[in-house]
Amino acid sequence: MRVAVVVPVSPFESEEILVRSAEHLKSLEYDNFEVKILYVIDRAGKNDRRKETVEKLGIEVLLRDGRRGKRAGAINDALNYLEKFKPDYIAIFDVDSRPERNFITECVRALEGCEDCYIASSKRYINNGINLVSETVEAEYYLLNFLLEKSSFKQFNGMIGVLRAEWLMKERLHEWATAEDADYATRMHAKGCKAALVKTTRIYEQAPLTWTDLYNQRKRWYHGGLQLWRYRKIMRNAHWKVRVSWYMALTLTFVPVLYIPLLILAPIFLLYHYRKISKIRVTIGLMAHAVLLQIASISALISFIRGRDVEWGAMERVVD
C-alpha cells in the first residue's frame, strides 16, 4: 500500500517551524506502507533556503515560484507530482499539525473499512494555549469537536487527515475557493460520500495568538462559506441529514452574537473541564470571540458582495 504525505507551505512559515514539522511527521507509525513525504514550498524570495533545509532531512520538496491558487494550488501541484508514485491514500497536514503517532495507520484502517468514505480524520486539539486568545480557541475547539461528532456534514478544517487518493486525484481542488477544504467537502458529500471521524487517535495544532490573526483567519473562513451557496442545487442529492447540517453550518455560524447569553454558563463548564479556577477568565475571551466573529462575518459578507478576495497573511506561531 502506498501512502503520500503532503504538506503545503506558505512563504510566511519559518525554517525552524518546517524542521519541527518534518521531524514530527517522520516519527509517525507507517506500518509496512510505502511512504513518500512531500513538502510543497512557495518560495519566499531569492534567499529562501527552506527547500535545502527540508531536503537534508531526507524529505522530497516541490518548490513553487509564486502562489497560484494558494493552498489549493499547492495541493493540486502535489497531486501532479505524485501521479507516478500512484498513492492509495494521501495524508494532508499543515506545518503546525502534530498528529499522534498512530494517526495515519488508524485513518487508513478507517478508510479500508468504509468504501463510501473519502476522508478519515480525528478531533482537533490546541497545543499552544499560552494566552487568552489561544486559550479561547482551545475552549472553542471542545465545542467544535462535539458538533463534529453530531453533524452529518463532517468537514475537517484544511482537509487535515487521510484522503482516498483516487477520488482526490479525479476531483482536484478549486483554486478560486477561499476555503478549498469546505468546498471539496461539500462536493464530496453531494456525491453521497462520507467522512469518517476516527476516535482512536488525535491531532494537535496551533491556534492564533493574536486577535488580529484570529479575525483574519475567521474572515477567510466566513468568505469561503459564502461561496458554498453555489452548491445548494447539487446538495439536493445529498441525504436530508447532510443537507440540514450543511445549511446550519452556513447560517447559524454567521450570527454568533445570538449565543452570547449562553456564555453565562461558561464558567461552570470551564471549571468542570479544566479543574482550574484560572481558566474561568476564558469566559471573557469567549465573549470577545463572539463579537469578533460577528464583525468578521459582516466584513466577509461585504467583501463577498463587492467581489473582493480575502487575503492570506502570516500568522504568529510558537516553535514546538
# chains A, B, ... in the order shown; residues from 1 in each chain; ligands from 1
call {"tool": "select_by_dssp", "arguments": {"residues": "segment 201-282 of chain A", "states": "helix (DSSP H, G or I)", "output": "PyMOL selection string"}}
result
chain A and resi 211-231+234-237+240-254+256-274+277-282
call {"tool": "residues_around", "arguments": {"residues": "Leu209 of chain A", "least_positions_apart": "3", "cutoff": "10 Å", "atoms": "only C-alpha atoms", "output": "PyMOL selection string"}}
result
chain A and resi 128-137+206+212-214+315-318
call {"tool": "residues_around", "arguments": {"residues": "segment 216-224 of chain A", "least_positions_apart": "2", "cutoff": "6 Å", "atoms": "only C-alpha atoms", "output": "PyMOL selection string"}}
result
chain A and resi 178-179+213-214+226-227+296-297+300+310
call {"tool": "closest_atom_pairs", "arguments": {"of": "segment 85-177 of chain A", "to": "segment 260-275 of chain A", "cutoff": "12 Å", "atoms": "only C-alpha atoms", "output": "Markdown table"}}
result
| residue | atom | partner | partner_atom | distance |
| --- | --- | --- | --- | --- |
| A:Glu135 | CA | A:Leu270 | CA | 11.0 |
| A:Thr136 | CA | A:Leu270 | CA | 10.6 |
| A:Glu138 | CA | A:Leu270 | CA | 11.0 |
| A:Ala139 | CA | A:Leu270 | CA | 7.9 |
| A:Glu140 | CA | A:Leu270 | CA | 10.8 |
| A:Tyr142 | CA | A:His273 | CA | 9.8 |
| A:Leu143 | CA | A:Phe269 | CA | 10.9 |
call {"tool": "write_last_selection", "arguments": {"atoms": "N, CA and C atoms", "output": "tab-separated table (two decimals), in the first residue's frame"}}
result
chain	number	residue	atom	x	y	z
A	135	GLU	N	-6.13	30.29	24.37
A	135	GLU	CA	-6.94	29.54	25.34
A	135	GLU	C	-8.41	29.60	24.97
A	136	THR	N	-8.83	30.74	24.43
A	136	THR	CA	-10.22	30.88	23.99
A	136	THR	C	-10.53	29.93	22.84
A	138	GLU	N	-8.89	27.24	22.20
A	138	GLU	CA	-8.81	25.90	22.77
A	138	GLU	C	-10.16	25.47	23.34
A	139	ALA	N	-10.81	26.38	24.07
A	139	ALA	CA	-12.13	26.09	24.62
A	139	ALA	C	-13.16	25.93	23.50
A	140	GLU	N	-13.05	26.77	22.48
A	140	GLU	CA	-13.96	26.69	21.33
A	140	GLU	C	-13.87	25.33	20.66
A	142	TYR	N	-13.38	22.44	21.85
A	142	TYR	CA	-14.13	21.38	22.52
A	142	TYR	C	-15.59	21.39	22.06
A	143	LEU	N	-16.14	22.58	21.83
A	143	LEU	CA	-17.49	22.69	21.28
A	143	LEU	C	-17.51	22.21	19.84
call {"tool": "residues_around", "arguments": {"residues": "Ser10 of chain A", "least_positions_apart": "2", "cutoff": "7 Å", "atoms": "only C-alpha atoms", "output": "ChimeraX atom specification"}}
result
/A:8,12-13,41-42
call {"tool": "atom_distance", "arguments": {"atom1": "atom CA of Phe304 of chain A", "atom2": "atom CA of Thr251 of chain A"}}
result
15.3 Å
call {"tool": "residues_around", "arguments": {"residues": "His239 of chain A", "least_positions_apart": "6", "cutoff": "9 Å", "atoms": "only C-alpha atoms", "output": "VMD selection string"}}
result
chain A and resid 152 189 to 190 192
call {"tool": "closest_residue", "arguments": {"among": "A:Asp183, A:Glu112, A:Glu100, A:Glu23", "to": "Met159 of chain A", "atoms": "only C-alpha atoms"}}
result
A:Asp183
call {"tool": "residues_around", "arguments": {"residues": "segment 70-80 of chain A", "least_positions_apart": "3", "cutoff": "7 Å", "atoms": "only C-alpha atoms", "output": "number ranges by chain"}}
result
A: 8, 40, 67, 83, 169, 172-175, 180
call {"tool": "write_last_selection", "arguments": {"atoms": "all heavy atoms", "output": "compact mmCIF listing (two decimals), in the first residue's frame"}}
result
# COMPACT_ATOMS: atom_id res chain seq x y z
N PRO A 8 1.55 21.53 2.39
CA PRO A 8 1.70 22.81 1.68
C PRO A 8 2.29 23.85 2.62
O PRO A 8 1.91 23.94 3.79
CB PRO A 8 0.27 23.17 1.27
CG PRO A 8 -0.60 22.45 2.27
CD PRO A 8 0.14 21.22 2.68
N VAL A 40 5.43 21.02 -0.21
CA VAL A 40 5.25 21.92 -1.35
C VAL A 40 5.46 23.34 -0.84
O VAL A 40 4.62 23.90 -0.14
CB VAL A 40 3.85 21.78 -1.97
CG1 VAL A 40 3.75 22.62 -3.24
CG2 VAL A 40 3.53 20.32 -2.26
N ARG A 67 2.37 32.05 -5.95
CA ARG A 67 1.39 31.42 -5.04
C ARG A 67 0.09 31.10 -5.76
O ARG A 67 -0.98 31.23 -5.19
CB ARG A 67 1.13 32.35 -3.85
CG ARG A 67 2.35 32.68 -3.02
CD ARG A 67 1.93 33.39 -1.74
NE ARG A 67 1.14 32.50 -0.90
CZ ARG A 67 0.31 32.93 0.06
NH1 ARG A 67 0.15 34.22 0.24
NH2 ARG A 67 -0.36 32.07 0.80
N GLU A 83 1.67 11.61 -9.38
CA GLU A 83 1.00 10.71 -10.33
C GLU A 83 1.80 9.43 -10.59
O GLU A 83 1.25 8.35 -10.68
CB GLU A 83 0.71 11.45 -11.63
CG GLU A 83 -0.48 12.40 -11.52
CD GLU A 83 -0.80 13.07 -12.85
OE1 GLU A 83 0.00 12.91 -13.80
OE2 GLU A 83 -1.85 13.74 -12.93
N MET A 169 -7.46 12.76 -6.68
CA MET A 169 -6.79 12.94 -7.97
C MET A 169 -7.81 13.31 -9.06
O MET A 169 -7.52 14.11 -9.94
CB MET A 169 -6.05 11.66 -8.37
CG MET A 169 -4.83 11.35 -7.55
SD MET A 169 -3.40 12.31 -8.07
CE MET A 169 -2.07 11.44 -7.21
N ARG A 172 -9.83 16.97 -7.72
CA ARG A 172 -8.93 18.12 -7.50
C ARG A 172 -9.60 19.18 -6.62
O ARG A 172 -10.74 19.06 -6.20
CB ARG A 172 -8.48 18.73 -8.83
CG ARG A 172 -7.78 17.74 -9.77
CD ARG A 172 -6.45 17.31 -9.17
NE ARG A 172 -5.82 16.22 -9.88
CZ ARG A 172 -4.59 16.28 -10.42
NH1 ARG A 172 -3.90 17.41 -10.34
NH2 ARG A 172 -4.09 15.23 -11.01
N LEU A 173 -8.85 20.22 -6.35
CA LEU A 173 -9.36 21.32 -5.54
C LEU A 173 -9.60 22.53 -6.42
O LEU A 173 -8.87 22.77 -7.37
CB LEU A 173 -8.35 21.67 -4.43
CG LEU A 173 -8.00 20.55 -3.46
CD1 LEU A 173 -7.07 21.08 -2.38
CD2 LEU A 173 -9.24 19.94 -2.84
N HIS A 174 -10.62 23.29 -6.08
CA HIS A 174 -10.91 24.52 -6.81
C HIS A 174 -10.01 25.63 -6.29
O HIS A 174 -10.13 26.03 -5.13
CB HIS A 174 -12.38 24.90 -6.66
CG HIS A 174 -13.31 24.01 -7.41
ND1 HIS A 174 -14.65 23.86 -7.10
CD2 HIS A 174 -13.10 23.19 -8.49
CE1 HIS A 174 -15.22 23.01 -7.95
NE2 HIS A 174 -14.30 22.59 -8.79
N GLU A 175 -9.15 26.14 -7.15
CA GLU A 175 -8.16 27.11 -6.70
C GLU A 175 -8.74 28.50 -6.50
O GLU A 175 -8.09 29.37 -5.92
CB GLU A 175 -6.98 27.14 -7.69
CG GLU A 175 -6.26 25.80 -7.75
CD GLU A 175 -5.05 25.79 -8.66
OE1 GLU A 175 -4.62 26.90 -9.08
OE2 GLU A 175 -4.53 24.70 -8.97
N GLU A 180 -10.93 26.06 0.36
CA GLU A 180 -10.91 24.90 -0.53
C GLU A 180 -11.30 23.62 0.18
O GLU A 180 -11.83 22.69 -0.43
CB GLU A 180 -9.53 24.75 -1.17
CG GLU A 180 -8.43 24.17 -0.31
CD GLU A 180 -7.97 25.09 0.81
OE1 GLU A 180 -8.11 26.31 0.66
OE2 GLU A 180 -7.45 24.59 1.83
